[in-house]
Amino acid sequence: MIAIIDYGINQTTDLTKALTLLGVEFIVTHNEKDIISSDKVIISDASNLSKAIKRIHLFNLFSLLRFLNKPTLGISLGMDLLCNKSNDGISCLGLIESDVISDIIKDVVITIPTMKKVEIIIENKLFENIKNGTEFYFSSNYHIDITNSTIAVAKGETKFSAAIQKDNFYGVQFLPEKSGDQGLQILKNFVLNIT
């Protein structure tokens, strides 16, 4: 069973459809018992980083998420939540030694949503059966610079982390649920290959 963290402003419809297509059992929840009893956790995309972390605190999930010892996947803004803080001052979970960069704050002109090629720089089970240079769907105004946890990169104004991994925590800056067959493969890899 996969627990998709529900913090009230998630965008989970496409994700739950993708998991259903893969035949995966899941629950969308902010109940501590559900999360503890699940096999894996997904922190899905949301519309606003500040509101998402406030909801995580509101539902008393902050410490629980920080100390999860099961495979956990952050998707898009869910990946950004794994980091220390954003450059507009929002404190996050502090699991990845990097800050989240808001492209709006930096006045970087980017076009989103967009398909970007992803370069795998460290072999990882999350990218099994994915060719280097495969395109994925990006829709966020945030990104994470390249860090020791980076396993794949993409290019905007500069190269940034397209995927990260530290211990049992994984993150993808793109939306696998909106990335076609290659995105389904990422979700399948997380479900089947990562223990």
# chains A, B, ... in the order shown; residues from 1 in each chain; ligands from 1
call {"tool": "select_by_dssp", "arguments": {"residues": "chain A", "states": "strand (DSSP E or B)", "output": "ChimeraX atom specification"}}
result
/A:2-5,10,26-29,40-43,46,72-75,83,85-86,91,96,100-102,114-117,119-120,135-138,142-144,150-155,159-166,169-172
call {"tool": "residues_around", "arguments": {"residues": "stretch 28-41 of chain A", "least_positions_apart": "3", "cutoff": "7 Å", "atoms": "only C-alpha atoms", "output": "list in words"}}
result
Met1, Ile2, Ala3, Ile4, Ile5, Asp6, Tyr7, Phe59, Lys70, Pro71, Thr72 and Leu73 of chain A
call {"tool": "residues_around", "arguments": {"residues": "stretch 160-170 of chain A", "least_positions_apart": "4", "cutoff": "8 Å", "atoms": "only C-alpha atoms", "output": "list in words"}}
result
Asn69, Lys70, Pro71, Thr72, Leu73, Gly74, Met79, Ile96, Val118, His143, Ile144, Asp145, Ile146, Thr147, Ser149, Thr150, Ile151, Ala152, Val153, Ala154, Lys155, Gly156 and Phe174 of chain A
call {"tool": "write_last_selection", "arguments": {"atoms": "C-alpha atoms", "output": "short mmCIF file (atom, residue, chain, number, x, y, z; two decimals), in the first residue's frame"}}
result
data_model
loop_
_atom_site.label_atom_id
_atom_site.label_comp_id
_atom_site.auth_asym_id
_atom_site.auth_seq_id
_atom_site.Cartn_x
_atom_site.Cartn_y
_atom_site.Cartn_z
CA ASN A 69 12.36 5.00 7.10
CA LYS A 70 10.44 3.67 4.11
CA PRO A 71 10.80 4.56 0.42
CA THR A 72 9.41 8.05 -0.08
CA LEU A 73 9.00 9.88 -3.39
CA GLY A 74 8.55 13.64 -3.63
CA MET A 79 10.50 17.07 -4.06
CA ILE A 96 18.19 17.38 1.35
CA VAL A 118 16.53 14.59 -18.46
CA HIS A 143 14.01 24.15 -8.82
CA ILE A 144 16.92 22.72 -6.84
CA ASP A 145 20.52 23.32 -7.82
CA ILE A 146 22.80 20.33 -8.41
CA THR A 147 23.82 18.76 -5.08
CA SER A 149 21.99 14.03 -3.84
CA THR A 150 21.38 14.77 -7.54
CA ILE A 151 20.88 11.67 -9.72
CA ALA A 152 19.53 13.37 -12.87
CA VAL A 153 19.64 16.88 -14.31
CA ALA A 154 17.69 19.01 -16.75
CA LYS A 155 18.47 22.36 -18.28
CA GLY A 156 16.62 25.65 -17.89
CA PHE A 174 8.90 16.71 -13.09
#
call {"tool": "closest_residue", "arguments": {"among": "A:Thr134, A:Asn148, A:Thr13, A:Ser102", "to": "A:Gly183", "atoms": "only C-alpha atoms"}}
result
A:Thr134
call {"tool": "select_by_dssp", "arguments": {"residues": "stretch 63-195 of chain A", "states": "helix (DSSP H, G or I)", "output": "list in words"}}
result
Ser63, Leu64, Leu65, Arg66, Leu77, Gly78, Met79, Asp80, Lys125, Leu126, Phe127, Pro176, Glu177, Lys178, Gly180, Asp181, Gln182, Gly183, Leu184, Gln185, Ile186, Leu187, Lys188, Asn189, Phe190, Val191, Leu192 and Asn193 of chain A
call {"tool": "closest_residue", "arguments": {"among": "A:Leu58, A:Lys17, A:Asn189, A:Leu81", "to": "A:Ser44", "atoms": "only C-alpha atoms"}}
result
A:Leu81
call {"tool": "decode", "arguments": {"residues": "stretch 57-138 of chain A", "atoms": "C-alpha atoms", "output": "mmCIF file, in the first residue's frame"}}
result
data_model
loop_
_atom_site.group_PDB
_atom_site.id
_atom_site.type_symbol
_atom_site.label_atom_id
_atom_site.label_comp_id
_atom_site.auth_asym_id
_atom_site.auth_seq_id
_atom_site.Cartn_x
_atom_site.Cartn_y
_atom_site.Cartn_z
ATOM 1 C CA HIS A 57 2.463 21.344 10.269
ATOM 2 C CA LEU A 58 -1.308 21.690 10.706
ATOM 3 C CA PHE A 59 -1.791 17.935 10.313
ATOM 4 C CA ASN A 60 1.191 17.226 12.640
ATOM 5 C CA LEU A 61 3.065 15.427 9.860
ATOM 6 C CA PHE A 62 6.331 17.380 9.954
ATOM 7 C CA SER A 63 8.298 15.084 12.298
ATOM 8 C CA LEU A 64 6.683 11.945 10.892
ATOM 9 C CA LEU A 65 7.772 12.800 7.336
ATOM 10 C CA ARG A 66 11.273 13.808 8.429
ATOM 11 C CA PHE A 67 11.892 10.472 10.116
ATOM 12 C CA LEU A 68 10.221 8.097 7.660
ATOM 13 C CA ASN A 69 12.361 5.002 7.101
ATOM 14 C CA LYS A 70 10.438 3.666 4.107
ATOM 15 C CA PRO A 71 10.796 4.560 0.421
ATOM 16 C CA THR A 72 9.410 8.052 -0.078
ATOM 17 C CA LEU A 73 8.995 9.883 -3.388
ATOM 18 C CA GLY A 74 8.550 13.639 -3.631
ATOM 19 C CA ILE A 75 7.010 14.795 -6.899
ATOM 20 C CA SER A 76 7.610 18.333 -8.246
ATOM 21 C CA LEU A 77 6.813 20.630 -5.327
ATOM 22 C CA GLY A 78 6.804 17.476 -3.180
ATOM 23 C CA MET A 79 10.495 17.066 -4.058
ATOM 24 C CA ASP A 80 11.141 20.704 -3.139
ATOM 25 C CA LEU A 81 9.555 20.108 0.282
ATOM 26 C CA LEU A 82 12.392 17.662 1.045
ATOM 27 C CA CYS A 83 14.948 20.505 1.029
ATOM 28 C CA ASN A 84 16.100 22.976 3.691
ATOM 29 C CA LYS A 85 14.221 26.106 2.694
ATOM 30 C CA SER A 86 13.287 28.240 -0.271
ATOM 31 C CA ASN A 87 15.056 31.420 -1.278
ATOM 32 C CA ASP A 88 11.867 33.295 -0.432
ATOM 33 C CA GLY A 89 12.196 32.177 3.209
ATOM 34 C CA ILE A 90 9.948 29.116 3.473
ATOM 35 C CA SER A 91 11.383 26.429 5.787
ATOM 36 C CA CYS A 92 10.918 22.910 4.424
ATOM 37 C CA LEU A 93 11.585 19.390 5.766
ATOM 38 C CA GLY A 94 15.389 19.759 5.761
ATOM 39 C CA LEU A 95 16.191 16.294 4.400
ATOM 40 C CA ILE A 96 18.190 17.381 1.347
ATOM 41 C CA GLU A 97 21.138 19.736 1.860
ATOM 42 C CA SER A 98 19.965 22.325 -0.627
ATOM 43 C CA ASP A 99 17.682 25.306 -0.855
ATOM 44 C CA VAL A 100 14.762 25.544 -3.254
ATOM 45 C CA ILE A 101 15.153 28.328 -5.803
ATOM 46 C CA SER A 102 12.046 30.236 -6.816
ATOM 47 C CA ASP A 103 12.450 31.276 -10.447
ATOM 48 C CA ILE A 104 9.862 33.996 -9.883
ATOM 49 C CA ILE A 105 11.993 35.596 -7.151
ATOM 50 C CA LYS A 106 15.058 35.415 -9.401
ATOM 51 C CA ASP A 107 13.097 37.020 -12.270
ATOM 52 C CA VAL A 108 14.112 34.180 -14.564
ATOM 53 C CA VAL A 109 11.873 34.043 -17.592
ATOM 54 C CA ILE A 110 10.848 30.430 -18.089
ATOM 55 C CA THR A 111 8.031 28.832 -19.973
ATOM 56 C CA ILE A 112 6.030 26.294 -18.016
ATOM 57 C CA PRO A 113 4.651 23.761 -18.305
ATOM 58 C CA THR A 114 7.222 22.302 -20.646
ATOM 59 C CA MET A 115 8.850 19.048 -21.690
ATOM 60 C CA LYS A 116 12.557 18.896 -20.853
ATOM 61 C CA LYS A 117 15.211 16.293 -21.571
ATOM 62 C CA VAL A 118 16.529 14.588 -18.456
ATOM 63 C CA GLU A 119 20.148 13.474 -18.241
ATOM 64 C CA ILE A 120 20.774 10.618 -15.806
ATOM 65 C CA ILE A 121 24.114 11.270 -14.104
ATOM 66 C CA ILE A 122 24.066 8.494 -11.488
ATOM 67 C CA GLU A 123 22.642 5.053 -12.171
ATOM 68 C CA ASN A 124 19.588 4.553 -9.991
ATOM 69 C CA LYS A 125 16.707 2.077 -9.727
ATOM 70 C CA LEU A 126 14.260 4.947 -10.177
ATOM 71 C CA PHE A 127 15.450 5.325 -13.782
ATOM 72 C CA GLU A 128 15.618 1.648 -14.783
ATOM 73 C CA ASN A 129 14.463 1.147 -18.394
ATOM 74 C CA ILE A 130 14.582 4.924 -19.020
ATOM 75 C CA LYS A 131 16.866 6.140 -21.807
ATOM 76 C CA ASN A 132 19.180 9.047 -21.143
ATOM 77 C CA GLY A 133 17.741 12.196 -22.714
ATOM 78 C CA THR A 134 14.118 11.113 -22.262
ATOM 79 C CA GLU A 135 11.733 14.052 -21.951
ATOM 80 C CA PHE A 136 9.535 14.624 -18.911
ATOM 81 C CA TYR A 137 6.835 17.166 -18.089
ATOM 82 C CA PHE A 138 7.932 20.047 -15.811
#
